[in-house]
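Undergrad: Data: coords33.txt, compact mmCIF, C-alpha atoms.
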# COMPACT_ATOMS: atom_id res chain seq x y z
CA MET F 1053 88.48 101.56 44.41
CA GLY F 1054 86.74 101.18 47.75
CA VAL F 1055 87.56 101.79 51.40
CA ALA F 1056 88.00 98.93 53.85
CA ILE F 1057 88.72 98.39 57.53
CA PHE F 1058 91.31 95.76 58.47
CA ALA F 1059 92.49 94.39 61.83
CA ALA F 1060 95.90 92.88 62.35
CA PRO F 1061 97.36 91.40 65.56
CA GLU F 1062 99.72 93.67 67.41
CA SER F 1063 102.49 91.06 67.38
CA VAL F 1064 102.32 90.81 63.59
CA PHE F 1065 102.26 94.58 63.22
CA ARG F 1066 105.30 94.97 65.46
CA ARG F 1067 107.31 92.45 63.46
CA ARG F 1068 106.52 94.13 60.13
CA CYS F 1069 106.83 97.80 61.17
CA HIS F 1070 109.94 99.92 61.57
CA PHE F 1071 109.95 102.93 63.85
CA THR F 1072 112.02 106.04 64.32
CA PRO F 1073 113.24 106.90 67.87
CA SER F 1074 110.32 109.33 68.25
CA GLY F 1075 107.81 106.55 67.70
CA ARG F 1076 106.78 107.45 64.16
CA GLN F 1077 106.87 104.61 61.67
CA ARG F 1078 108.95 104.65 58.53
CA ALA F 1079 107.24 101.89 56.60
CA CYS F 1080 104.95 99.06 57.56
CA ARG F 1081 104.23 96.06 55.36
CA LEU F 1082 101.13 94.25 56.55
CA PRO F 1083 100.64 90.54 55.81
CA ARG F 1084 98.15 89.65 53.07
CA LEU F 1085 97.59 93.34 52.33
CA GLY F 1086 100.76 94.12 50.45
CA GLY F 1087 100.62 97.81 51.28
CA LEU F 1088 102.91 100.22 53.06
CA CYS F 1089 101.95 102.65 55.83
CA LYS F 1090 102.84 106.13 54.72
CA THR F 1091 105.66 107.97 56.46
CA GLY F 1092 104.48 110.20 59.29
CA MET F 1093 101.83 107.85 60.65
CA ASN F 1094 101.71 107.38 64.42
CA CYS F 1095 101.09 104.01 66.08
CA ALA F 1096 99.25 104.11 69.41
CA GLY F 1097 96.03 102.96 71.07
CA SER F 1098 94.49 99.58 71.93
CA PRO F 1099 96.75 96.97 73.55
CA SER F 1100 95.57 93.99 71.53
CA PHE F 1101 95.07 94.89 67.88
CA VAL F 1102 95.87 97.30 65.07
CA VAL F 1103 92.93 98.92 63.30
CA ILE F 1104 93.77 100.16 59.85
CA SER F 1105 91.81 101.61 56.97
CA GLY F 1106 92.84 101.69 53.34
CA THR F 1107 91.89 101.14 49.77
CA PHE F 1108 91.22 97.77 48.23
CA ILE F 1109 94.28 96.31 46.65
CA GLY F 1110 92.82 94.77 43.58
CA GLY F 1111 93.44 96.82 40.44
CA SER F 1112 94.32 99.93 42.37
CA PRO F 1113 97.48 101.93 42.70
CA ALA F 1114 99.62 101.55 45.82
CA PRO F 1115 97.08 101.45 48.64
CA VAL F 1116 97.08 104.11 51.33
CA ILE F 1117 96.85 102.52 54.75
CA LYS F 1118 95.99 104.60 57.79
CA VAL F 1119 96.70 103.49 61.37
CA ILE F 1120 93.75 104.36 63.57
CA GLY F 1121 94.92 102.85 66.85
CA VAL F 1122 97.57 100.54 68.18
CA ASN F 1123 99.42 100.23 71.45
CA LEU F 1124 102.95 98.90 71.45
CA ALA F 1125 103.47 98.28 75.17
CA ARG F 1126 103.81 101.96 76.06
CA THR F 1127 106.88 102.32 73.84
CA TYR F 1128 105.24 104.64 71.33
CA SER F 1129 103.39 107.86 71.99
CA PRO F 1130 99.57 108.00 71.90
CA ILE F 1131 97.93 108.94 68.67
CA GLY F 1132 98.10 112.66 68.21
CA LYS F 1133 95.68 115.22 66.90
CA ASP F 1134 97.63 115.60 63.68
CA SER F 1135 97.23 111.89 63.02
CA MET F 1136 93.48 112.06 63.57
CA ASP F 1137 93.25 115.02 61.23
CA MET F 1138 94.97 113.05 58.46
CA GLY F 1139 92.08 110.70 57.91
CA GLY F 1140 91.72 108.54 61.05
CA GLN F 1141 88.12 107.57 60.30
CA THR F 1142 86.05 104.57 59.40
CA ALA F 1143 84.19 104.16 56.13
CA ASP F 1144 81.22 105.80 57.83
CA GLY F 1145 83.33 108.82 58.74
CA ASN F 1146 83.27 108.11 62.48
CA THR F 1147 86.57 108.47 64.33
CA LEU F 1148 87.78 105.26 66.00
CA GLN F 1149 89.04 105.83 69.51
CA ALA F 1150 91.37 103.41 71.28
CA ASP F 1151 89.99 101.61 74.28
CA LYS F 1152 91.30 103.24 77.43
CA LYS F 1153 90.66 102.18 81.00
CA ARG F 1154 88.53 104.72 82.76
CA LEU F 1155 89.87 105.90 86.10
CA VAL F 1156 87.42 105.40 88.95
CA ARG F 1157 88.94 107.37 91.78
CA ARG F 1158 88.85 105.88 95.25
CA ALA F 1159 85.93 107.00 97.34
CA THR F 1160 87.92 107.81 100.48
CA PRO F 1161 91.46 109.17 100.90
CA ASP F 1162 94.19 106.72 101.88
CA ARG F 1163 95.49 107.09 105.44
CA SER F 1164 97.73 104.03 105.58
CA GLN F 1165 101.01 105.94 105.80
CA ARG F 1166 99.71 108.23 108.53
CA ILE F 1167 98.49 105.27 110.59
CA ARG F 1168 101.69 103.33 109.95
CA GLY F 1169 103.74 106.36 111.02
CA PHE F 1170 101.77 106.54 114.25
CA MET F 1171 102.41 102.84 114.93
CA GLN F 1172 106.12 103.27 114.24
CA LEU F 1173 106.31 106.29 116.53
CA ALA F 1174 104.38 104.56 119.32
CA PHE F 1175 106.55 101.43 119.20
CA ALA F 1176 109.73 103.50 119.04
CA ALA F 1177 108.56 105.46 122.09
CA LEU F 1178 107.85 102.19 123.93
CA ASN F 1179 111.35 100.95 123.15
CA CYS F 1180 112.88 104.23 124.29
CA TRP F 1181 111.05 103.95 127.60
CA LEU F 1182 112.17 100.35 128.01
CA GLY F 1183 115.74 101.41 127.23
CA VAL F 1184 115.70 104.20 129.82
CA GLN F 1185 114.19 101.94 132.46
CA PHE F 1186 116.71 99.19 131.74
CA TYR F 1187 119.61 101.65 131.90
CA LEU F 1188 118.45 102.95 135.29
CA TRP F 1189 118.08 99.36 136.52
CA VAL F 1190 121.66 98.59 135.46
CA ARG F 1191 122.97 101.78 137.05
CA TYR F 1192 121.35 100.81 140.38
CA PHE F 1193 123.42 97.63 140.55
CA GLU F 1194 126.55 99.33 139.24
CA ARG F 1195 126.32 101.73 142.19
CA GLY F 1196 126.18 98.79 144.58
CA GLY F 1197 122.44 98.88 145.17
CA GLN F 1198 122.29 102.62 145.90
CA GLY F 1199 119.90 105.19 144.45
CA LEU F 1200 116.67 104.82 142.51
CA TYR F 1201 115.54 101.27 141.87
CA LEU F 1202 113.23 100.39 139.00
CA PRO F 1203 112.16 96.82 138.19
CA ARG F 1204 113.98 95.18 135.33
CA PRO F 1205 111.84 95.62 132.14
CA ALA F 1206 111.51 92.18 130.58
CA GLY F 1207 110.44 93.81 127.31
CA ALA F 1208 114.06 94.85 126.76
CA GLU F 1209 114.73 91.21 125.91
CA GLY F 1210 113.15 91.93 122.53
CA TRP F 1211 116.63 93.21 121.63
CA LEU F 1212 117.98 89.68 122.16
CA PRO F 1213 116.73 87.91 119.00
CA ILE F 1214 119.39 85.18 119.23
CA ALA F 1215 118.30 84.34 122.78
CA GLY F 1216 114.71 84.33 121.54
CA LEU F 1217 115.56 81.86 118.78
CA MET F 1218 117.49 79.63 121.19
CA ASN F 1219 114.66 79.59 123.70
CA PHE F 1220 112.13 78.92 120.96
CA LYS F 1221 114.04 75.79 119.97
CA TYR F 1222 114.23 74.79 123.64
CA LEU F 1223 110.43 75.13 123.84
CA LEU F 1224 109.95 72.98 120.74
CA ILE F 1225 112.24 70.24 122.05
CA THR F 1226 111.16 70.08 125.68
CA GLY F 1227 107.68 71.57 125.65
CA ARG F 1228 108.72 73.79 128.58
CA ALA F 1229 109.16 77.54 128.66
CA PRO F 1230 112.74 78.57 129.54
CA LEU F 1231 113.50 80.22 132.86
CA ILE F 1232 116.11 82.65 131.52
CA HIS F 1233 115.01 85.39 129.10
CA PRO F 1234 111.53 83.94 128.48
CA ALA F 1235 110.27 87.32 127.26
CA ALA F 1236 112.75 87.16 124.37
CA MET F 1237 111.11 83.93 123.23
CA PHE F 1238 107.54 85.19 123.53
CA LEU F 1239 108.35 88.39 121.63
CA PHE F 1240 110.08 86.30 118.97
CA ILE F 1241 106.90 84.20 118.67
CA ALA F 1242 104.77 87.35 118.42
CA PHE F 1243 106.84 88.83 115.61
CA LEU F 1244 107.00 85.49 113.80
CA LEU F 1245 103.21 85.12 114.05
CA MET F 1246 102.75 88.61 112.59
CA SER F 1247 104.82 87.58 109.57
CA LEU F 1248 102.95 84.30 109.14
CA LEU F 1249 99.63 86.15 109.04
CA LEU F 1250 100.41 89.63 107.67
CA LYS F 1251 103.57 89.39 105.53
CA LYS F 1252 106.56 91.28 106.99
CA ALA F 1253 104.31 93.89 108.62
CA PHE F 1254 106.46 93.77 111.76
CA CYS F 1255 109.41 95.14 109.79
CA SER F 1256 107.63 98.18 108.38
CA TRP F 1257 105.06 98.88 111.09
CA LEU F 1258 106.82 98.10 114.38
CA CYS F 1259 110.53 97.31 114.15
CA PRO F 1260 112.48 100.28 115.58
CA VAL F 1261 115.53 99.46 113.44
CA GLY F 1262 113.32 99.42 110.35
CA THR F 1263 111.85 102.76 111.41
CA LEU F 1264 115.33 104.26 111.82
CA SER F 1265 116.37 102.87 108.43
CA GLU F 1266 113.31 104.46 106.82
CA VAL F 1267 114.02 107.82 108.47
CA LEU F 1268 117.60 107.72 107.16
CA TRP F 1269 116.80 106.94 103.51
CA LYS F 1270 114.03 109.54 103.49
CA LEU F 1271 116.54 112.02 104.89
CA GLY F 1272 118.92 111.11 102.08
CA ARG F 1273 116.18 111.59 99.51
CA ARG F 1274 115.41 115.02 100.92
CA ILE F 1275 119.08 116.06 100.88
CA PHE F 1276 120.13 114.60 97.54
CA GLY F 1277 116.79 114.47 95.73
CA ARG F 1278 116.92 110.70 95.25
CA ASN F 1279 118.27 107.45 96.65
CA LEU F 1280 120.69 105.08 94.99
CA ARG F 1281 119.34 101.90 93.44
CA LEU F 1282 121.98 99.25 92.92
CA PRO F 1283 122.07 97.48 89.54
CA ARG F 1284 120.50 94.04 89.43
CA TRP F 1285 123.83 92.23 89.16
CA ALA F 1286 124.88 93.75 92.51
CA ASP F 1287 121.48 93.89 94.21
CA ILE F 1288 120.65 90.19 94.03
CA PRO F 1289 123.96 88.85 95.48
CA LEU F 1290 123.91 91.48 98.25
CA ARG F 1291 120.37 90.48 99.19
CA GLY F 1292 121.75 87.02 99.85
CA LEU F 1293 123.98 88.31 102.67
CA LYS F 1294 121.14 88.41 105.18
CA TYR F 1295 120.29 84.79 104.39
CA LEU F 1296 123.91 83.77 104.92
CA LEU F 1297 123.85 85.43 108.34
CA LEU F 1298 120.54 83.76 109.16
CA GLY F 1299 121.86 80.41 107.96
CA PHE F 1300 124.89 80.75 110.24
CA PHE F 1301 122.77 81.34 113.35
CA VAL F 1302 120.29 78.61 112.43
CA PHE F 1303 123.15 76.15 111.83
CA VAL F 1304 124.83 76.88 115.18
CA ILE F 1305 121.61 76.86 117.21
CA GLY F 1306 120.23 73.88 115.31
CA ALA F 1307 123.25 71.80 116.34
CA MET F 1308 122.68 72.48 120.06
CA SER F 1309 120.77 70.04 122.24
CA ALA F 1310 118.25 71.08 124.87
CA GLU F 1311 120.86 70.55 127.59
CA ALA F 1312 123.36 72.71 125.70
CA LEU F 1313 120.79 75.47 125.25
CA GLU F 1314 119.84 75.44 128.91
CA GLY F 1315 123.50 75.31 129.95
CA PHE F 1316 124.36 78.31 127.79
CA MET F 1317 121.53 80.39 129.23
CA ASN F 1318 122.61 79.63 132.78
CA THR F 1319 126.21 80.74 132.28
CA PRO F 1320 127.12 84.23 133.59
CA TYR F 1321 127.29 85.42 130.00
CA GLY F 1322 123.80 84.11 129.23
CA LEU F 1323 122.34 85.57 132.42
CA VAL F 1324 123.54 89.10 131.65
CA ALA F 1325 123.42 89.02 127.84
CA ASP F 1326 121.12 92.05 127.94
CA VAL F 1327 123.60 94.00 130.07
CA LYS F 1328 126.42 93.02 127.70
CA MET F 1329 124.34 94.38 124.82
CA LEU F 1330 123.86 97.70 126.61
CA ASN F 1331 127.56 97.97 127.45
CA PHE F 1332 128.48 97.36 123.81
CA PHE F 1333 126.86 100.69 122.90
CA ARG F 1334 127.96 102.47 126.06
CA GLY F 1335 131.63 101.57 125.63
CA MET F 1336 131.76 101.42 121.86
CA GLY F 1337 135.27 101.11 120.46
CA GLN F 1338 136.68 102.91 117.44
CA THR F 1339 136.17 99.98 115.08
CA ALA F 1340 132.55 99.50 116.10
CA ALA F 1341 131.89 103.24 115.78
CA ILE F 1342 133.33 103.30 112.24
CA VAL F 1343 131.25 100.30 111.20
CA ILE F 1344 128.04 101.81 112.58
CA GLY F 1345 128.90 105.16 110.99
CA LEU F 1346 129.33 103.47 107.60
CA LEU F 1347 126.00 101.67 108.03
CA VAL F 1348 124.29 104.99 108.77
CA LEU F 1349 125.90 106.60 105.71
CA ILE F 1350 124.90 103.71 103.46
CA SER F 1351 121.36 103.81 104.86
CA ILE F 1352 121.13 107.50 103.93
CA LEU F 1353 122.27 106.85 100.38
CA VAL F 1354 120.63 103.49 99.62
CA GLU F 1355 116.95 102.91 100.27
CA ASN F 1356 116.37 100.34 103.03
CA ALA F 1357 120.00 99.19 102.90
CA TRP F 1358 120.06 97.46 106.30
CA CYS F 1359 116.71 95.71 105.89
CA ARG F 1360 117.35 94.73 102.28
CA TYR F 1361 120.88 93.41 102.57
CA LEU F 1362 121.99 92.71 106.14
CA CYS F 1363 119.18 92.01 108.61
CA PRO F 1364 119.00 88.26 109.42
CA TYR F 1365 115.88 88.83 111.54
CA GLY F 1366 114.13 90.32 108.52
CA ALA F 1367 115.32 87.37 106.41
CA LEU F 1368 113.58 84.97 108.79
CA MET F 1369 110.43 87.08 108.80
CA GLY F 1370 110.51 87.12 104.99
CA ILE F 1371 110.65 83.33 104.79
CA ALA F 1372 107.74 83.07 107.23
CA SER F 1373 105.79 85.64 105.22
CA LEU F 1374 105.66 83.27 102.24
CA LEU F 1375 102.89 81.44 104.13
CA SER F 1376 100.86 84.60 104.73
CA PRO F 1377 97.33 84.41 103.25
CA VAL F 1378 97.15 88.21 103.12
CA LYS F 1379 99.15 89.88 100.37
CA ILE F 1380 99.25 93.00 98.26
CA ARG F 1381 96.88 92.15 95.40
CA ARG F 1382 96.16 94.00 92.17
CA ASP F 1383 92.84 93.90 90.32
CA ALA F 1384 93.74 93.99 86.63
CA GLU F 1385 90.27 95.22 85.66
CA ALA F 1386 90.33 98.21 87.99
CA CYS F 1387 94.02 98.99 87.42
CA ILE F 1388 94.73 101.76 84.90
CA ASP F 1389 98.41 100.74 84.46
CA CYS F 1390 99.82 104.08 85.58
CA GLY F 1391 102.82 102.50 87.34
CA LYS F 1392 102.62 104.71 90.43
CA CYS F 1393 102.60 101.70 92.75
CA SER F 1394 105.91 100.35 91.44
CA ARG F 1395 107.58 103.73 91.74
CA ALA F 1396 106.37 104.06 95.34
CA CYS F 1397 107.49 100.58 96.47
CA PRO F 1398 110.55 100.86 98.78
CA ALA F 1399 111.59 97.32 97.80
CA GLY F 1400 111.50 98.16 94.09
CA LEU F 1401 108.97 95.42 93.30
CA PRO F 1402 107.08 95.51 89.95
CA VAL F 1403 103.69 95.83 91.61
CA ASP F 1404 101.99 97.05 88.43
CA LYS F 1405 103.01 93.88 86.57
CA LEU F 1406 101.84 91.30 89.13
CA VAL F 1407 98.47 90.09 90.33
CA GLN F 1408 99.75 89.42 93.83
CA ILE F 1409 103.04 90.11 95.59
CA ARG F 1410 104.61 86.94 96.95
CA SER F 1411 108.14 88.33 97.28
CA VAL F 1412 109.95 87.97 100.61
CA GLU F 1413 111.00 91.61 100.20
CA CYS F 1414 107.42 92.90 100.58
CA THR F 1415 106.99 94.41 104.05
CA ALA F 1416 103.27 95.25 103.74
CA CYS F 1417 104.10 98.93 104.23
CA MET F 1418 101.17 99.75 101.89
CA ALA F 1419 103.12 102.57 100.22
CA CYS F 1420 101.99 101.17 96.87
CA VAL F 1421 98.36 101.16 98.02
CA ALA F 1422 98.70 104.76 99.17
CA ALA F 1423 100.06 105.79 95.76
CA CYS F 1424 97.21 104.13 93.85
CA SER F 1425 94.36 106.47 92.92
CA ALA F 1426 92.02 103.86 91.38
CA GLN F 1427 89.20 102.40 93.45
CA ASP F 1428 89.80 98.73 94.39
CA ALA F 1429 92.79 98.44 92.03
CA LEU F 1430 95.31 97.64 94.77
CA GLN F 1431 94.77 96.37 98.29
CA PHE F 1432 96.29 94.35 101.11
CA ALA F 1433 93.83 91.50 101.05
CA LEU F 1434 92.91 87.85 101.19
CA PRO F 1435 92.32 86.08 97.85
CA PRO F 1436 89.40 87.74 96.02
CA ARG F 1437 85.91 86.34 95.71
CA ARG F 1438 84.56 85.09 92.41
CA ALA F 1439 82.44 87.98 91.26
CA SER F 1440 81.92 89.88 88.03
CA LEU F 1441 82.00 93.31 89.68
CA VAL F 1442 85.27 94.67 91.04
CA ALA F 1443 83.71 95.81 94.32
CA GLY F 1444 82.20 92.37 94.86
CA ARG F 1445 85.55 90.64 94.51
CA TRP F 1446 87.08 92.58 97.39
CA ARG F 1447 84.09 92.84 99.70
CA ARG F 1448 85.25 91.83 103.18
CA ARG F 1449 88.57 90.66 101.72
CA ALA F 1450 90.67 93.82 101.84
CA PHE F 1451 92.36 94.91 105.07
CA SER F 1452 92.16 98.59 105.90
CA PRO F 1453 95.23 100.14 107.60
CA GLN F 1454 93.17 100.46 110.78
CA THR F 1455 92.44 96.72 110.68
CA LEU F 1456 96.08 95.87 110.07
CA ALA F 1457 97.23 98.09 112.95
CA GLY F 1458 94.59 96.56 115.22
CA ILE F 1459 95.63 92.99 114.42
CA LEU F 1460 99.30 93.80 115.03
CA ALA F 1461 98.43 95.37 118.41
CA CYS F 1462 96.24 92.38 119.37
CA ILE F 1463 99.01 89.89 118.56
CA PHE F 1464 101.64 91.88 120.44
CA PHE F 1465 99.67 92.66 123.59
CA GLY F 1466 97.86 89.31 123.52
CA ILE F 1467 101.08 87.30 123.69
CA VAL F 1468 102.60 89.63 126.30
CA ILE F 1469 99.49 89.30 128.50
CA PHE F 1470 99.51 85.51 128.03
CA ALA F 1471 103.18 85.28 129.06
CA LYS F 1472 102.58 87.42 132.15
CA ALA F 1473 99.44 85.50 133.12
CA THR F 1474 101.27 82.16 132.94
CA GLY F 1475 104.30 83.44 134.87
CA HIS F 1476 106.69 83.17 131.91
CA TRP F 1477 107.59 86.80 131.34
CA GLN F 1478 110.18 87.83 133.90
CA THR F 1479 113.60 86.27 134.45
CA ASN F 1480 113.40 85.44 138.16
CA ILE F 1481 116.93 85.93 139.45
CA PRO F 1482 117.45 87.15 143.05
CA ARG F 1483 118.53 90.77 143.45
CA GLU F 1484 121.70 89.73 145.30
CA MET F 1485 122.74 87.55 142.36
CA TYR F 1486 122.14 90.38 139.89
CA LEU F 1487 124.22 92.68 142.11
CA ASP F 1488 127.22 90.39 141.74
CA LEU F 1489 126.68 89.67 138.03
CA VAL F 1490 126.26 93.29 136.93
CA GLN F 1491 129.27 94.52 138.88
CA HIS F 1492 131.44 91.82 137.27
CA VAL F 1493 129.79 91.83 133.85
CA ASN F 1494 133.09 92.48 132.06
CA ASP F 1495 134.42 89.20 133.44
CA ALA F 1496 131.59 87.22 131.83
CA THR F 1497 132.87 85.89 128.50
CA HIS F 1498 131.13 83.92 125.82
CA PRO F 1499 131.23 80.17 126.60
CA GLY F 1500 132.50 79.45 123.11
CA MET F 1501 135.51 81.77 123.46
Would you write out, as structure tokens, the structure that this file holds?
TA:
Amino acid sequence: MGVAIFAAPESVFRRRCHFTPSGRQRACRLPRLGGLCKTGMNCAGSPSFVVISGTFIGGSPAPVIKVIGVNLARTYSPIGKDSMDMGGQTADGNTLQADKKRLVRRATPDRSQRIRGFMQLAFAALNCWLGVQFYLWVRYFERGGQGLYLPRPAGAEGWLPIAGLMNFKYLLITGRAPLIHPAAMFLFIAFLLMSLLLKKAFCSWLCPVGTLSEVLWKLGRRIFGRNLRLPRWADIPLRGLKYLLLGFFVFVIGAMSAEALEGFMNTPYGLVADVKMLNFFRGMGQTAAIVIGLLVLISILVENAWCRYLCPYGALMGIASLLSPVKIRRDAEACIDCGKCSRACPAGLPVDKLVQIRSVECTACMACVAACSAQDALQFALPPRRASLVAGRWRRRAFSPQTLAGILACIFFGIVIFAKATGHWQTNIPREMYLDLVQHVNDATHPGM
């Protein structure tokens, strides 16, 4: 009776073995060996094969087969010390160890979330200043031209995404920049360009609504210890709501001609659409207050509820992001399969199972990258180079958070400067006309009503 080493494919082993809930096998009949694994053996180790040792079958009593190492897709616990003590050795007496990926820790600490937080805070502060300036401008005309006068901040038109989409279509049809709310169009182009180049980075790095949503779900996690994750059967249909809203706006605007678009913008309602938006929040009714209160409550309980289920602007950015050459990419060789990236992803994407993230739900927030401790295992990058070494594949391909923040700032300020330089930033309406429009803003109704 001699001792032999056998190797069997994991798939075969899994079909022939039966396991207790704790991961210990009851009995295991291996093909062409005819033997049974003894009770108490533990199956764990290499992901691709089972290494077993045992006695020759010919002319011997029931062979004793010992599992040295097998990995069953993380379902069963690693081989324990007691298992190794029970004879986990080769014929030469050397212990066989399962192949494990060695962790090469990243050389420098990740600062992506700190930099992203700074960008969110800076853009939120900019929007607050624009809001205060716009409010004081409106109050000047409401008082009949008395008191402090500040110029109308055209940047406030960024809160008019529908006007931006309408003017963008007008530009495509006529080749001319609109005269009313041109800043809304140029900001729309800037945010769309960010998504075309850098996934939905606008949503997670700049959008003030996205920032507020993130603050709310993090507050909920701090209060309750966790956020709710809807089951798949509810999550997927609810994610479709934002595309239905986007489809409605695209359908209505798509049916309008250039003359209709220009006519709408030149109505009293179109001229003071920004003032109407401000007055909606200033004179909010009970129904609107209840709806907004429910949205806030849901955003506290459910992670990224507004962005994930209801934001049509984010839906458009997500569709544009499908063309982005830069994506979250995972290097399978450097990855140690710890799963931290998937647990950190606010969108709940299986980052640890994919080579690159194409999903429209990815906002390039880099939370997964921040959670990864392995060098070059996960990065926001262009497609990798063909190289045998991990570092060589990502040389000059990965985007640092500083680079991402710099590109976003260049796109934003570059387009704003271009619009101002070409004279297509401000809505040039005489002060006397604004005085009449603002004082009678409640009389301006939607042309379609």
Undergrad: Have a look at CA of Pro1436 in chain F and CA of Pro1398 in chain F and let me know their distance in Å, one decimal.
TA: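 Separation of CA of Pro1436 in chain F and CA of Pro1398 in chain F: 25.0 Å.
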Undergrad: For Met1171 in chain F, which residue out of F:Val1261, F:Gly1183, F:Tyr1321, F:Leu1456 is the nearest one, using all atoms listed in the file?
TA: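 Between F:Val1261, F:Gly1183, F:Tyr1321, F:Leu1456, the residue approaching Met1171 in chain F most closely is F:Leu1456.
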Undergrad: Find the spatial neighbours of Val1468 in chain F, counting all atoms listed in the file, within a cut-off of 10 Å - ignore same-chain residues fewer than 4 positions away - and output them as JSON, numbers by chain.
TA: {"F": [1207, 1235, 1238, 1239, 1242, 1462, 1463, 1464, 1472, 1473, 1476, 1477]}
Undergrad: Env of Cys1393 in chain F: 10 Å cut, atoms = all atoms listed in the file, seq-sep filter 6 positions within chain, self excluded. Answer as a list in words.
TA: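 My list of contacting residues is Gly1400, Leu1401, Pro1402, Val1403, Asp1404, Lys1405, Met1418, Ala1419, Cys1420, Val1421, Ala1422, Ala1423, Cys1424, Ser1425 and Leu1430 of chain F.
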Undergrad: Given the choices F:Val1304, F:Ala1357, F:Val1378, F:Met1317, which gets closest to Asn1279 in chain F if the distance is worked out from only C-alpha atoms?
TA: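 Of F:Val1304, F:Ala1357, F:Val1378, F:Met1317, the one nearest Asn1279 in chain F, counting only C-alpha atoms, is F:Ala1357.
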Undergrad: Can you work out which one of F:Gly1306, F:Gly1366, F:Pro1320, F:Gly1227 has the shortest atom-to-atom distance to Phe1240 in chain F, counting only C-alpha atoms?
TA: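 Closest to Phe1240 in chain F, using only C-alpha atoms: F:Gly1366.
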Undergrad: Extract, using all atoms listed in the file, all DNA, RNA and protein residues at most 10 Å from range 1486-1489 of chain F, discarding same-chain residues fewer than 3 positions from it, and format them as a PyMOL selection string.
TA: chain F and resi 1190+1192-1197+1320-1321+1323-1324+1327+1481-1483+1492-1496
Undergrad: Which residues are close to Ala1159 in chain F, i.e. within 12 Å by all atoms listed in the file, leaving aside same-chain residues fewer than 3 positions away? Reply as number ranges by chain.
TA: F: 1155-1156, 1162, 1425-1428, 1443
Undergrad: Please identify all polymer residues within 10 Å of Phe1276 in chain F, counting all atoms listed in the file, omitting same-chain residues fewer than 4 positions from it, and present them as a PyMOL selection string.
TA: chain F and resi 1270-1272+1280+1352-1353
Undergrad: For CA of Leu1248 in chain F and CA of Ser1164 in chain F, quote the distance in Å rounded to one decimal.
TA: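 These two atoms are separated by 20.7 Å.
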Undergrad: For Val1348 in chain F, which residue out of F:Ala1236, F:Val1267, F:Ile1409, F:Cys1414 is the nearest one, using all atoms listed in the file?
TA: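 Smallest separation from Val1348 in chain F among the options: F:Val1267.
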Undergrad: CA of Trp1257 in chain F to CA of Ala1174 in chain F: how many Å, to one decimal?
TA: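 Taking CA of Trp1257 in chain F and CA of Ala1174 in chain F, their separation equals 10.0 Å.
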Undergrad: Given the point (113.2, 74.5, 120.5) in the file's coordinates, find the residues that have an atom at most 12 Å from it, counting all atoms listed in the file, and give them as a ChimeraX atom specification.
TA: /F:1215-1230,1237,1241,1302,1305-1314
Undergrad: Taking all atoms listed in the file into account, which of F:Leu1244, F:Ile1232, F:Ala1416, F:Cys1363 comes nearest Ala1457 in chain F?
TA: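 Among the listed residues, F:Ala1416 lies closest to Ala1457 in chain F.
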Undergrad: Pick from F:Cys1259, F:Ala1367, F:Cys1390, F:Leu1375: nearest to Asn1179 in chain F, with all atoms listed in the file counted?
TA: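 With all atoms listed in the file as the atom set, the closest residue is F:Cys1259.
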